[in-house]
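Novice: Dropping in upload_38.cif, which is mmCIF, C-alpha atoms:
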```cif
data_coords
#
loop_
_atom_site.label_atom_id
_atom_site.label_comp_id
_atom_site.auth_asym_id
_atom_site.auth_seq_id
_atom_site.Cartn_x
_atom_site.Cartn_y
_atom_site.Cartn_z
CA MET A 1257 -26.49 -1.08 11.78
CA GLN A 1258 -24.86 -3.81 9.79
CA TYR A 1259 -23.69 -6.82 11.72
CA GLY A 1260 -21.52 -9.58 10.36
CA MET A 1261 -21.13 -8.02 6.94
CA SER A 1262 -18.08 -9.04 5.01
CA THR A 1263 -15.27 -6.58 4.42
CA GLU A 1264 -15.22 -5.14 0.92
CA GLU A 1265 -12.08 -4.88 -1.15
CA VAL A 1266 -12.17 -1.20 -1.94
CA LEU A 1267 -14.16 1.73 -0.68
CA VAL A 1268 -13.87 4.96 -2.64
CA VAL A 1269 -14.60 8.03 -0.52
CA ARG A 1270 -16.41 10.61 -2.65
CA ASP A 1271 -17.69 12.91 0.09
CA PRO A 1272 -15.31 15.72 1.16
CA GLY A 1273 -16.66 15.52 4.72
CA VAL A 1274 -15.78 11.84 4.93
CA ALA A 1275 -12.36 12.40 3.38
CA LYS A 1276 -11.73 14.96 6.12
CA LEU A 1277 -12.02 12.17 8.71
CA LEU A 1278 -8.94 10.56 7.19
CA ALA A 1279 -6.80 13.61 7.89
CA ASP A 1280 -6.55 12.66 11.57
CA GLU A 1281 -3.65 10.36 12.42
CA THR A 1282 -5.39 8.43 15.18
CA ARG A 1283 -8.33 7.70 12.90
CA ARG A 1284 -5.94 6.56 10.16
CA LYS A 1285 -4.24 4.22 12.63
CA ILE A 1286 -7.61 2.87 13.78
CA LEU A 1287 -8.52 2.07 10.18
CA LEU A 1288 -5.16 0.40 9.51
CA LEU A 1289 -5.55 -1.83 12.58
CA LEU A 1290 -9.20 -2.68 11.85
CA ARG A 1291 -8.28 -3.83 8.36
CA VAL A 1292 -6.25 -6.65 9.87
CA ALA A 1293 -8.31 -7.69 12.91
CA GLU A 1294 -11.56 -6.94 14.70
CA MET A 1295 -11.01 -4.90 17.85
CA THR A 1296 -12.95 -3.39 20.73
CA PRO A 1297 -12.62 0.29 21.69
CA GLN A 1298 -10.76 -0.90 24.81
CA GLN A 1299 -8.20 -2.83 22.77
CA LEU A 1300 -7.69 0.10 20.39
CA ALA A 1301 -7.28 2.52 23.29
CA LYS A 1302 -4.58 0.38 24.84
CA LEU A 1303 -2.72 -0.15 21.55
CA LEU A 1304 -2.79 3.50 20.54
CA GLY A 1305 -2.18 4.94 24.01
CA LYS A 1306 -5.44 6.92 24.03
CA ASN A 1307 -8.33 6.88 26.45
CA VAL A 1308 -11.38 4.78 25.67
CA SER A 1309 -13.79 7.70 25.39
CA SER A 1310 -11.68 9.37 22.71
CA ILE A 1311 -11.45 6.11 20.75
CA THR A 1312 -15.20 5.56 21.12
CA HIS A 1313 -15.77 9.03 19.74
CA HIS A 1314 -13.52 8.39 16.72
CA LEU A 1315 -15.22 5.04 16.10
CA SER A 1316 -18.71 6.50 16.18
CA MET A 1317 -17.69 9.14 13.63
CA LEU A 1318 -16.08 6.52 11.41
CA GLU A 1319 -19.12 4.25 11.75
CA ARG A 1320 -21.58 7.04 10.92
CA LYS A 1321 -19.65 7.73 7.71
CA GLY A 1322 -19.48 4.05 6.78
CA LEU A 1323 -15.72 3.61 7.21
CA VAL A 1324 -15.95 1.05 10.02
CA ARG A 1325 -18.61 -1.45 10.99
CA VAL A 1326 -19.61 -3.32 14.09
CA ALA A 1327 -18.50 -6.87 13.34
CA ARG A 1328 -19.96 -8.49 16.45
CA VAL A 1329 -21.47 -7.65 19.81
CA GLU A 1330 -21.10 -9.48 23.11
CA VAL A 1331 -22.75 -8.90 26.47
CA ARG A 1332 -20.32 -9.39 29.35
CA ARG A 1333 -21.66 -8.88 32.87
CA ASN A 1334 -24.37 -6.53 31.55
CA LEU A 1335 -21.79 -4.59 29.55
CA VAL A 1336 -22.15 -4.43 25.76
CA VAL A 1337 -18.80 -4.99 24.05
CA LYS A 1338 -18.55 -4.17 20.34
CA TRP A 1339 -15.89 -5.43 17.97
CA TYR A 1340 -15.24 -3.15 15.05
CA ARG A 1341 -13.70 -3.79 11.66
CA ALA A 1342 -12.84 -1.58 8.70
CA ALA A 1343 -15.53 -1.39 6.03
CA ALA A 1344 -12.97 -2.21 3.33
CA LYS A 1345 -9.44 -3.49 2.93
CA ARG A 1346 -8.52 -0.35 1.05
CA ILE A 1347 -10.15 2.99 1.69
CA ILE A 1348 -9.15 5.56 -0.90
CA VAL A 1349 -10.08 9.19 -1.40
CA SER A 1350 -11.69 9.69 -4.79
CA TYR A 1351 -9.66 11.24 -7.57
CA GLU A 1352 -12.30 13.94 -7.97
CA LEU A 1353 -11.68 15.12 -4.42
CA ALA A 1354 -7.89 15.05 -4.87
CA GLU A 1355 -8.34 17.19 -7.97
CA GLY A 1356 -10.65 19.58 -6.09
CA LEU A 1357 -13.51 19.08 -8.55
CA VAL A 1358 -16.19 18.70 -5.88
CA PRO A 1359 -17.40 21.65 -3.77
CA GLY A 1360 -15.83 21.34 -0.34
CA SER A 1361 -12.79 19.41 -1.60
CA GLU A 1362 -10.62 22.49 -2.09
CA HIS A 1363 -8.55 21.70 1.00
CA ILE A 1364 -7.80 18.20 -0.32
CA ALA A 1365 -6.65 19.63 -3.66
CA LYS A 1366 -4.51 22.11 -1.73
CA HIS A 1367 -2.99 19.23 0.24
CA VAL A 1368 -2.05 17.50 -3.04
CA GLU A 1369 -0.58 20.73 -4.37
CA GLU A 1370 1.55 21.21 -1.26
CA GLY A 1371 2.71 17.60 -1.41
CA ALA A 1372 3.78 18.09 -5.03
CA ARG A 1373 5.68 21.22 -4.04
CA ARG A 1374 7.55 19.38 -1.29
CA ALA A 1375 8.22 16.49 -3.67
CA ALA A 1376 9.75 18.92 -6.17
CA GLU A 1377 11.85 20.52 -3.43
CA ALA A 1378 13.12 17.09 -2.35
CA LEU A 1379 14.59 16.64 -5.83
CA ALA A 1380 17.51 18.81 -4.67
CA GLN A 1381 18.36 16.10 -2.15
CA ILE A 1382 18.78 13.47 -4.85
CA GLY A 1383 21.00 15.78 -6.88
CA VAL A 1384 18.56 17.63 -9.17
CA LYS A 1385 19.33 21.35 -9.10
CA LEU A 1386 16.44 23.49 -10.29
CA GLY A 1387 15.83 27.24 -10.44
CA GLU A 1388 12.66 28.70 -8.94
CA ARG A 1389 10.77 28.63 -12.23
CA GLU A 1390 11.76 25.04 -13.02
CA LEU A 1391 10.88 24.06 -9.48
CA ALA A 1392 7.37 25.41 -9.94
CA GLU A 1393 7.11 23.55 -13.23
CA ALA A 1394 8.38 20.28 -11.73
CA SER A 1395 5.87 20.65 -8.93
CA GLN A 1396 3.02 21.01 -11.45
CA LEU A 1397 4.26 18.02 -13.45
CA ILE A 1398 4.53 15.83 -10.34
CA ARG A 1399 1.01 16.86 -9.36
CA HIS A 1400 -0.28 16.09 -12.85
CA LEU A 1401 1.31 12.62 -12.93
CA TYR A 1402 0.07 11.84 -9.44
CA LEU A 1403 -3.51 12.81 -10.24
CA ALA A 1404 -3.49 10.88 -13.51
CA MET A 1405 -2.32 7.76 -11.65
CA ARG A 1406 -4.99 8.28 -9.00
CA GLU A 1407 -7.69 8.59 -11.63
CA VAL A 1408 -6.60 5.46 -13.46
CA TYR A 1409 -6.12 3.55 -10.21
CA GLU A 1410 -9.64 4.37 -9.10
CA ARG A 1411 -11.09 3.39 -12.46
CA TYR A 1412 -9.46 -0.04 -12.55
CA VAL A 1413 -9.25 -1.04 -8.90
CA THR A 1414 -12.96 -1.80 -8.80
CA ARG A 1415 -12.93 -3.65 -12.12
CA CYS A 1416 -10.03 -5.83 -11.00
CA ILE A 1417 -12.01 -7.11 -8.03
CA LYS A 1418 -13.38 -9.77 -10.34
CA CYS A 1419 -10.04 -11.55 -10.06
CA ASP A 1420 -10.52 -13.71 -6.94
CA ASP A 1421 -6.84 -14.07 -6.28
CA PRO A 1422 -5.39 -10.96 -4.54
CA TRP A 1423 -1.97 -11.50 -6.06
CA GLY A 1424 -3.26 -11.83 -9.62
CA ARG A 1425 -5.53 -8.85 -9.01
CA GLU A 1426 -2.62 -6.67 -7.98
CA MET A 1427 -0.64 -7.59 -11.08
CA LEU A 1428 -3.64 -7.09 -13.37
CA LEU A 1429 -4.31 -3.68 -11.83
CA LYS A 1430 -0.74 -2.52 -12.35
CA ALA A 1431 -0.72 -3.73 -15.97
CA LEU A 1432 -4.05 -2.05 -16.78
CA MET A 1433 -2.81 1.18 -15.22
CA ALA A 1434 0.39 1.09 -17.26
CA VAL A 1435 -1.55 0.57 -20.49
CA SER A 1436 -4.14 3.20 -19.69
CA LEU A 1437 -1.61 5.86 -18.69
CA TYR A 1438 0.48 5.13 -21.74
CA ARG A 1439 -2.52 5.93 -23.94
CA ARG A 1440 -2.83 9.44 -22.51
CA GLU A 1441 -0.97 12.05 -24.41
CA SER A 1442 -0.98 14.51 -21.50
CA PHE A 1443 0.58 11.90 -19.21
CA LEU A 1444 3.33 11.06 -21.66
CA LYS A 1445 4.03 14.74 -22.29
CA ALA A 1446 4.34 15.40 -18.55
CA VAL A 1447 6.67 12.40 -18.17
CA GLU A 1448 8.82 13.61 -21.05
CA ARG A 1449 9.10 17.14 -19.72
CA LEU A 1450 9.87 15.95 -16.19
CA ALA A 1451 12.52 13.61 -17.63
CA GLN A 1452 14.16 16.67 -19.25
CA LEU A 1453 14.18 18.54 -15.95
CA LEU A 1454 15.59 15.53 -14.07
CA GLY A 1455 18.38 14.96 -16.57
CA ASP A 1456 20.70 12.09 -15.83
CA VAL A 1457 19.69 11.70 -12.19
CA VAL A 1458 16.90 9.31 -13.07
CA ASP A 1459 17.66 6.40 -15.35
CA MET B 1463 18.98 -7.29 20.68
CA GLN B 1464 18.02 -3.75 19.76
CA TYR B 1465 15.80 -1.90 22.19
CA GLY B 1466 14.09 1.37 21.51
CA MET B 1467 15.33 1.67 17.94
CA SER B 1468 13.27 3.77 15.62
CA THR B 1469 11.27 2.15 12.85
CA GLU B 1470 12.83 2.49 9.43
CA GLU B 1471 10.90 3.55 6.38
CA VAL B 1472 11.71 0.65 4.08
CA LEU B 1473 13.30 -2.72 4.55
CA VAL B 1474 14.19 -4.61 1.39
CA VAL B 1475 14.31 -8.37 1.94
CA ARG B 1476 17.11 -9.87 -0.19
CA ASP B 1477 17.37 -13.30 1.43
CA PRO B 1478 15.07 -16.00 -0.02
CA GLY B 1479 14.80 -17.62 3.41
CA VAL B 1480 13.53 -14.39 4.93
CA ALA B 1481 11.15 -13.80 2.03
CA LYS B 1482 9.69 -17.23 2.73
CA LEU B 1483 8.59 -16.02 6.18
CA LEU B 1484 6.27 -13.55 4.46
CA ALA B 1485 4.37 -16.33 2.70
CA ASP B 1486 2.53 -17.17 5.91
CA GLU B 1487 -0.71 -15.25 6.43
CA THR B 1488 -0.48 -15.01 10.23
CA ARG B 1489 3.05 -13.62 9.99
CA ARG B 1490 1.91 -11.09 7.38
CA LYS B 1491 -0.91 -10.00 9.70
CA ILE B 1492 1.51 -9.72 12.63
CA LEU B 1493 3.74 -7.43 10.56
CA LEU B 1494 0.81 -5.30 9.42
CA LEU B 1495 -0.35 -4.81 13.02
CA LEU B 1496 3.15 -4.11 14.35
CA ARG B 1497 3.64 -1.37 11.77
CA VAL B 1498 0.88 0.61 13.43
CA ALA B 1499 1.37 -0.10 17.14
CA GLU B 1500 3.65 -1.93 19.54
CA MET B 1501 2.08 -5.14 20.83
CA THR B 1502 2.78 -8.00 23.19
CA PRO B 1503 2.48 -11.65 22.09
CA GLN B 1504 -0.61 -11.85 24.32
CA GLN B 1505 -2.29 -8.96 22.54
CA LEU B 1506 -1.45 -10.34 19.11
CA ALA B 1507 -2.75 -13.77 20.09
CA LYS B 1508 -6.09 -12.32 21.17
CA LEU B 1509 -6.45 -10.15 18.08
CA LEU B 1510 -5.57 -12.89 15.63
CA GLY B 1511 -7.41 -15.70 17.42
CA LYS B 1512 -4.26 -17.80 17.87
CA ASN B 1513 -2.66 -19.20 20.99
CA VAL B 1514 0.20 -17.31 22.60
CA SER B 1515 2.80 -20.01 22.02
CA SER B 1516 2.18 -20.01 18.28
CA ILE B 1517 2.44 -16.20 18.16
CA THR B 1518 5.62 -16.30 20.27
CA HIS B 1519 7.08 -18.78 17.81
CA HIS B 1520 6.23 -16.57 14.82
CA LEU B 1521 7.66 -13.53 16.59
CA SER B 1522 10.94 -15.21 17.43
CA MET B 1523 11.35 -16.26 13.79
CA LEU B 1524 10.54 -12.74 12.60
CA GLU B 1525 12.90 -11.23 15.18
CA ARG B 1526 15.76 -13.56 14.25
CA LYS B 1527 15.43 -12.47 10.63
CA GLY B 1528 15.27 -8.78 11.53
CA LEU B 1529 11.66 -8.18 10.51
CA VAL B 1530 10.42 -7.26 13.99
CA ARG B 1531 12.16 -5.79 17.01
CA VAL B 1532 11.57 -5.68 20.73
CA ALA B 1533 10.49 -2.11 21.33
CA ARG B 1534 10.33 -2.27 25.13
CA VAL B 1535 10.38 -4.74 28.00
CA GLU B 1536 8.46 -4.62 31.25
CA VAL B 1537 8.61 -6.86 34.29
CA ARG B 1538 5.18 -7.51 35.76
CA ARG B 1539 4.96 -9.73 38.83
CA ASN B 1540 8.19 -11.49 37.86
CA LEU B 1541 6.95 -11.97 34.32
CA VAL B 1542 8.86 -10.40 31.45
CA VAL B 1543 6.50 -8.76 28.96
CA LYS B 1544 7.91 -7.73 25.58
CA TRP B 1545 6.37 -5.24 23.20
CA TYR B 1546 7.24 -5.82 19.57
CA ARG B 1547 7.19 -3.52 16.59
CA ALA B 1548 7.85 -3.99 12.89
CA ALA B 1549 11.42 -3.22 11.83
CA ALA B 1550 10.15 -0.97 9.02
CA LYS B 1551 6.97 0.72 7.83
CA ARG B 1552 7.26 -1.08 4.52
CA ILE B 1553 8.83 -4.49 4.15
CA ILE B 1554 9.28 -5.46 0.53
CA VAL B 1555 10.71 -8.51 -1.16
CA SER B 1556 13.62 -7.56 -3.39
CA TYR B 1557 13.09 -7.43 -7.13
CA GLU B 1558 15.93 -9.89 -7.60
CA LEU B 1559 14.03 -12.51 -5.62
CA ALA B 1560 10.78 -11.84 -7.49
CA GLU B 1561 12.68 -12.35 -10.73
CA GLY B 1562 14.26 -15.55 -9.41
CA LEU B 1563 17.80 -14.29 -9.93
CA VAL B 1564 19.10 -15.48 -6.57
CA PRO B 1565 19.64 -19.19 -5.77
CA GLY B 1566 16.76 -20.32 -3.58
CA SER B 1567 14.33 -17.73 -4.93
CA GLU B 1568 12.88 -19.97 -7.63
CA HIS B 1569 9.65 -20.48 -5.68
CA ILE B 1570 9.15 -16.70 -5.43
CA ALA B 1571 9.65 -16.30 -9.18
CA LYS B 1572 7.17 -19.13 -9.69
CA HIS B 1573 4.67 -17.34 -7.44
CA VAL B 1574 5.00 -14.21 -9.61
CA GLU B 1575 4.56 -16.27 -12.75
CA GLU B 1576 1.40 -17.89 -11.42
CA GLY B 1577 0.03 -14.52 -10.35
CA ALA B 1578 0.62 -13.18 -13.85
CA ARG B 1579 -1.18 -16.18 -15.31
CA ARG B 1580 -4.22 -15.62 -13.09
CA ALA B 1581 -4.14 -11.91 -13.89
CA ALA B 1582 -4.23 -12.74 -17.61
CA GLU B 1583 -7.08 -15.17 -17.07
CA ALA B 1584 -9.04 -12.52 -15.15
CA LEU B 1585 -8.99 -10.35 -18.29
CA ALA B 1586 -11.88 -12.49 -19.59
CA GLN B 1587 -13.98 -11.17 -16.71
CA ILE B 1588 -13.53 -7.57 -17.80
CA GLY B 1589 -14.42 -8.42 -21.37
CA VAL B 1590 -11.09 -9.26 -23.00
CA LYS B 1591 -11.40 -12.50 -24.97
CA LEU B 1592 -8.07 -14.15 -25.70
CA GLY B 1593 -7.05 -17.45 -27.31
CA GLU B 1594 -4.66 -19.78 -25.46
CA ARG B 1595 -1.60 -18.41 -27.25
CA GLU B 1596 -2.54 -14.77 -26.63
CA LEU B 1597 -3.33 -15.63 -23.03
CA ALA B 1598 0.19 -16.98 -22.56
CA GLU B 1599 1.58 -13.86 -24.19
CA ALA B 1600 -0.55 -11.52 -22.02
CA SER B 1601 0.62 -13.40 -18.96
CA GLN B 1602 4.27 -12.87 -19.93
CA LEU B 1603 3.67 -9.18 -20.62
CA ILE B 1604 1.91 -8.65 -17.29
CA ARG B 1605 4.78 -10.38 -15.53
CA HIS B 1606 7.31 -8.24 -17.38
CA LEU B 1607 5.53 -4.98 -16.50
CA TYR B 1608 5.15 -6.04 -12.89
CA LEU B 1609 8.80 -6.90 -12.48
CA ALA B 1610 9.94 -3.68 -14.16
CA MET B 1611 7.75 -1.69 -11.74
CA ARG B 1612 9.15 -3.64 -8.80
CA GLU B 1613 12.70 -2.99 -9.89
CA VAL B 1614 12.13 0.73 -10.31
CA TYR B 1615 10.16 0.95 -7.07
CA GLU B 1616 12.97 -0.65 -5.14
CA ARG B 1617 15.55 1.62 -6.73
CA TYR B 1618 13.74 4.85 -5.88
CA VAL B 1619 11.95 4.06 -2.66
CA THR B 1620 15.18 4.29 -0.69
CA ARG B 1621 16.32 7.46 -2.45
CA CYS B 1622 13.01 9.17 -1.76
CA ILE B 1623 13.43 8.70 1.98
CA LYS B 1624 15.35 11.97 1.95
CA CYS B 1625 12.02 13.76 1.60
CA ASP B 1626 10.94 14.18 5.25
CA ASP B 1627 7.30 14.60 4.42
CA PRO B 1628 5.59 11.23 3.77
CA TRP B 1629 3.07 12.76 1.42
CA GLY B 1630 5.66 14.54 -0.72
CA ARG B 1631 7.79 11.40 -0.65
CA GLU B 1632 4.95 9.31 -2.06
CA MET B 1633 4.36 11.76 -4.89
CA LEU B 1634 8.06 12.06 -5.69
CA LEU B 1635 8.40 8.28 -5.76
CA LYS B 1636 5.51 7.89 -8.18
CA ALA B 1637 6.86 10.61 -10.46
CA LEU B 1638 10.38 9.14 -10.50
CA MET B 1639 8.96 5.70 -11.26
CA ALA B 1640 6.89 7.04 -14.14
CA VAL B 1641 9.90 8.83 -15.65
CA SER B 1642 12.16 5.84 -15.21
CA LEU B 1643 9.71 3.29 -16.62
CA TYR B 1644 8.74 5.33 -19.65
CA ARG B 1645 12.43 5.63 -20.54
CA ARG B 1646 12.78 1.89 -20.89
CA GLU B 1647 12.26 0.58 -24.34
CA SER B 1648 11.38 -2.92 -23.14
CA PHE B 1649 8.71 -1.51 -20.81
CA LEU B 1650 7.17 0.61 -23.55
CA LYS B 1651 7.20 -2.31 -25.97
CA ALA B 1652 5.43 -4.54 -23.46
CA VAL B 1653 2.85 -1.82 -22.74
CA GLU B 1654 2.23 -1.33 -26.46
CA ARG B 1655 1.79 -5.02 -27.16
CA LEU B 1656 -0.48 -5.48 -24.15
CA ALA B 1657 -2.52 -2.48 -25.32
CA GLN B 1658 -3.02 -4.25 -28.66
CA LEU B 1659 -4.21 -7.41 -26.94
CA LEU B 1660 -6.59 -5.48 -24.66
CA GLY B 1661 -8.14 -3.52 -27.52
CA ASP B 1662 -10.88 -1.07 -26.56
CA VAL B 1663 -11.52 -2.53 -23.12
CA VAL B 1664 -8.89 -0.32 -21.54
CA ASP B 1665 -8.99 3.37 -22.30
#
```
What would you get if you wrote out this structure as structure tokens?

Specialist:
Amino acid sequence: MQYGMSTEEVLVVRDPGVAKLLADETRRKILLLLRVAEMTPQQLAKLLGKNVSSITHHLSMLERKGLVRVARVEVRRNLVVKWYRAAAKRIIVSYELAEGLVPGSEHIAKHVEEGARRAAEALAQIGVKLGERELAEASQLIRHLYLAMREVYERYVTRCIKCDDPWGREMLLKALMAVSLYRRESFLKAVERLAQLLGDVVD
Amino acid sequence: MQYGMSTEEVLVVRDPGVAKLLADETRRKILLLLRVAEMTPQQLAKLLGKNVSSITHHLSMLERKGLVRVARVEVRRNLVVKWYRAAAKRIIVSYELAEGLVPGSEHIAKHVEEGARRAAEALAQIGVKLGERELAEASQLIRHLYLAMREVYERYVTRCIKCDDPWGREMLLKALMAVSLYRRESFLKAVERLAQLLGDVVD
């Protein structure tokens, strides 16, 4: 076990089994809270309206997979109390998993595909009327753009860590992503085609 | 006061005085925690290692400016206990403030400018060697790209709310931003020039 280790900036999840842990809403909430402050299972249980044993179970799974760490331990009247924290400020699922390139990541790729479909369907609500065939095309384009951004984000987010200042880092990351995406013909083509489908709705 | 109101998706801060509240780290942490769960001042104080009166003070400022709300009230042994929650899942500072277009937002614009400068300086650490003049130019380009992305983000984030599904909404937002940005000549010009300055370091 690792005590007192500092929180890393970014943790890229490359294991489909670990990514699966993030599909659960309670576990996602636990990770969000533990990014901001160290908490005991008791505190988390109270905040999330769950019982302590269920939270303890989630935490032990997250700890085993390296997503949370025990930050400190205290003994209170013979009881061991552990404070947990998230292993990183940002925990992201690897692009390769989102693309379904790794065995066992098919369900993640499917999740992305379904999201893209719903995104394309939501276009109707902002005034873009599409036929079934165009809808399918828009959905593929949205998926393509999303995955390209994920890939580029993952590539540069770790390189940008070298900028000590979080604010400067964020701006550098966004600029590097813009440049990198702009250099990809397939990205630009997808943007152009989607722009045609969207017409005047997006300006 | 508004009790039991649902949390909104996005709150765009357009008042420089309100934006100033977000400059404080404790207040930012309070908002991050209250996005995930409802908490009392006592709970927040314990989690953030501050005393209750300081947390209460922060909360009353945040509540007055509409950034947090009282979610529920309980009376316990004659003591009134309030649970707070964040007014929105995302609280963002308006593009206009980041650009310094509103009187009183000059310090925010300055903050963006300094971030861009540090971002440009961090380029050296990923292997981009620039002279002083090119550094100043890179800093301006990074700032320009950042502000353009902020503007487009703000414009579409509210429109995308119509997509019920958070996952689809995120993908739609990213796609709309990509289309909108790559239609702007000034954005493309800035990307192109920055690409020249970066050379082969970014691919």

Novice: Taking 4 positions as the minimum chain separation for residues in the same chain, which residues sit within 9 Å of A:Ala1392 when counting only C-alpha atoms? Answer as a tab-separated table (two decimals) with C-alpha atoms, in the frame of the given file.

Specialist:
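Dumped to around-v4.tsv:
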```tsv
chain	number	residue	atom	x	y	z
A	1373	ARG	CA	5.68	21.22	-4.04
A	1376	ALA	CA	9.75	18.92	-6.17
A	1387	GLY	CA	15.83	27.24	-10.44
A	1388	GLU	CA	12.66	28.70	-8.94
A	1396	GLN	CA	3.02	21.01	-11.45
A	1397	LEU	CA	4.26	18.02	-13.45
```

Novice: Could you write out as JSON, numbers by chain the residues that the PyMOL selection byres ((chain B) within 8 of (chain A)) matches in the shown file?

Specialist: {"B": [1491, 1494, 1495, 1498, 1499, 1500, 1501, 1509, 1510, 1576, 1577, 1578, 1579, 1580, 1581, 1582, 1584, 1585, 1587, 1588, 1604, 1605, 1607, 1608, 1621, 1622, 1624, 1625, 1627, 1629, 1630, 1631, 1633, 1634, 1636, 1637, 1638, 1640, 1641, 1642, 1644, 1645, 1653, 1654, 1656, 1657, 1664, 1665]}

Novice: Grab the atom CA of B:Val1535 to atom CA of B:Pro1503 distance for me, in Å with one decimal place.

Specialist: 12.0 Å

Novice: Can you tell me, as lines of an AutoDock Vina configuration file, the centre and edge lengths (Å, one decimal) of the axis-aligned box enclosing all of stretch 1570-1587 of chain B's listed atoms after padding each side by 3 Å?

Specialist:
```
center_x = -2.2
center_y = -14.7
center_z = -12.5
size_x = 29.6
size_y = 14.8
size_z = 20.2
```

Novice: For the file shown, report as a PDB file with C-alpha atoms, in the coordinates of the input the outcome of the PyMOL selection byres ((chain B and resi 1527-1529) around 7) at residue level.

Specialist:
```
ATOM      1  CA  VAL B1480      13.530 -14.390   4.930  1.00  0.00           C
ATOM      2  CA  MET B1523      11.350 -16.260  13.790  1.00  0.00           C
ATOM      3  CA  LEU B1524      10.540 -12.740  12.600  1.00  0.00           C
ATOM      4  CA  GLU B1525      12.900 -11.230  15.180  1.00  0.00           C
ATOM      5  CA  ARG B1526      15.760 -13.560  14.250  1.00  0.00           C
ATOM      6  CA  VAL B1530      10.420  -7.260  13.990  1.00  0.00           C
ATOM      7  CA  ARG B1531      12.160  -5.790  17.010  1.00  0.00           C
ATOM      8  CA  ALA B1548       7.850  -3.990  12.890  1.00  0.00           C
ATOM      9  CA  ALA B1549      11.420  -3.220  11.830  1.00  0.00           C
TER      10      ALA B1549
END
```

Novice: How far is it from atom CA of A:Ala1275 to atom CA of A:Val1349, in Å with one decimal?

Specialist: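 Value for the atom CA of A:Ala1275-atom CA of A:Val1349 distance: 6.2 Å.
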
Novice: Quick one: pull the distance between atom CA of B:Lys1551 and atom CA of B:Glu1471, Å, one decimal.

Specialist: 5.1 Å

Novice: Got a sec to resolve the PyMOL selection byres ((chain B and resi 1534) around 9) on this structure and send the residues as number ranges by chain?

Specialist: B: 1465-1466, 1500, 1532-1533, 1535-1536, 1543-1546

Novice: Some atoms are missing, so please complete stretch 1548-1552 of chain B with all heavy atoms and return it as a short mmCIF file (atom, residue, chain, number, x, y, z; two decimals), in the coordinates of the input.

Specialist:
```
data_model
loop_
_atom_site.label_atom_id
_atom_site.label_comp_id
_atom_site.auth_asym_id
_atom_site.auth_seq_id
_atom_site.Cartn_x
_atom_site.Cartn_y
_atom_site.Cartn_z
N ALA B 1548 7.26 -3.61 14.17
CA ALA B 1548 7.85 -3.99 12.89
C ALA B 1548 9.15 -3.23 12.69
O ALA B 1548 9.28 -2.08 13.11
CB ALA B 1548 6.87 -3.70 11.76
N ALA B 1549 10.12 -3.85 12.04
CA ALA B 1549 11.42 -3.22 11.83
C ALA B 1549 11.33 -2.06 10.84
O ALA B 1549 12.20 -1.19 10.82
CB ALA B 1549 12.43 -4.24 11.33
N ALA B 1550 10.30 -2.04 10.00
CA ALA B 1550 10.15 -0.97 9.02
C ALA B 1550 8.67 -0.77 8.70
O ALA B 1550 7.86 -1.66 8.89
CB ALA B 1550 10.92 -1.30 7.74
N LYS B 1551 8.37 0.43 8.20
CA LYS B 1551 6.97 0.72 7.83
C LYS B 1551 6.56 -0.07 6.59
O LYS B 1551 5.44 -0.47 6.44
CB LYS B 1551 6.81 2.22 7.59
CG LYS B 1551 6.84 3.01 8.90
CD LYS B 1551 6.55 4.47 8.68
CE LYS B 1551 6.94 5.26 9.93
NZ LYS B 1551 7.26 6.65 9.62
N ARG B 1552 7.52 -0.23 5.70
CA ARG B 1552 7.26 -1.08 4.52
C ARG B 1552 8.32 -2.17 4.48
O ARG B 1552 9.51 -1.87 4.55
CB ARG B 1552 7.40 -0.29 3.22
CG ARG B 1552 6.37 0.74 3.04
CD ARG B 1552 6.50 1.30 1.63
NE ARG B 1552 5.94 2.64 1.62
CZ ARG B 1552 5.86 3.41 0.55
NH1 ARG B 1552 6.34 2.98 -0.60
NH2 ARG B 1552 5.32 4.60 0.62
#
```
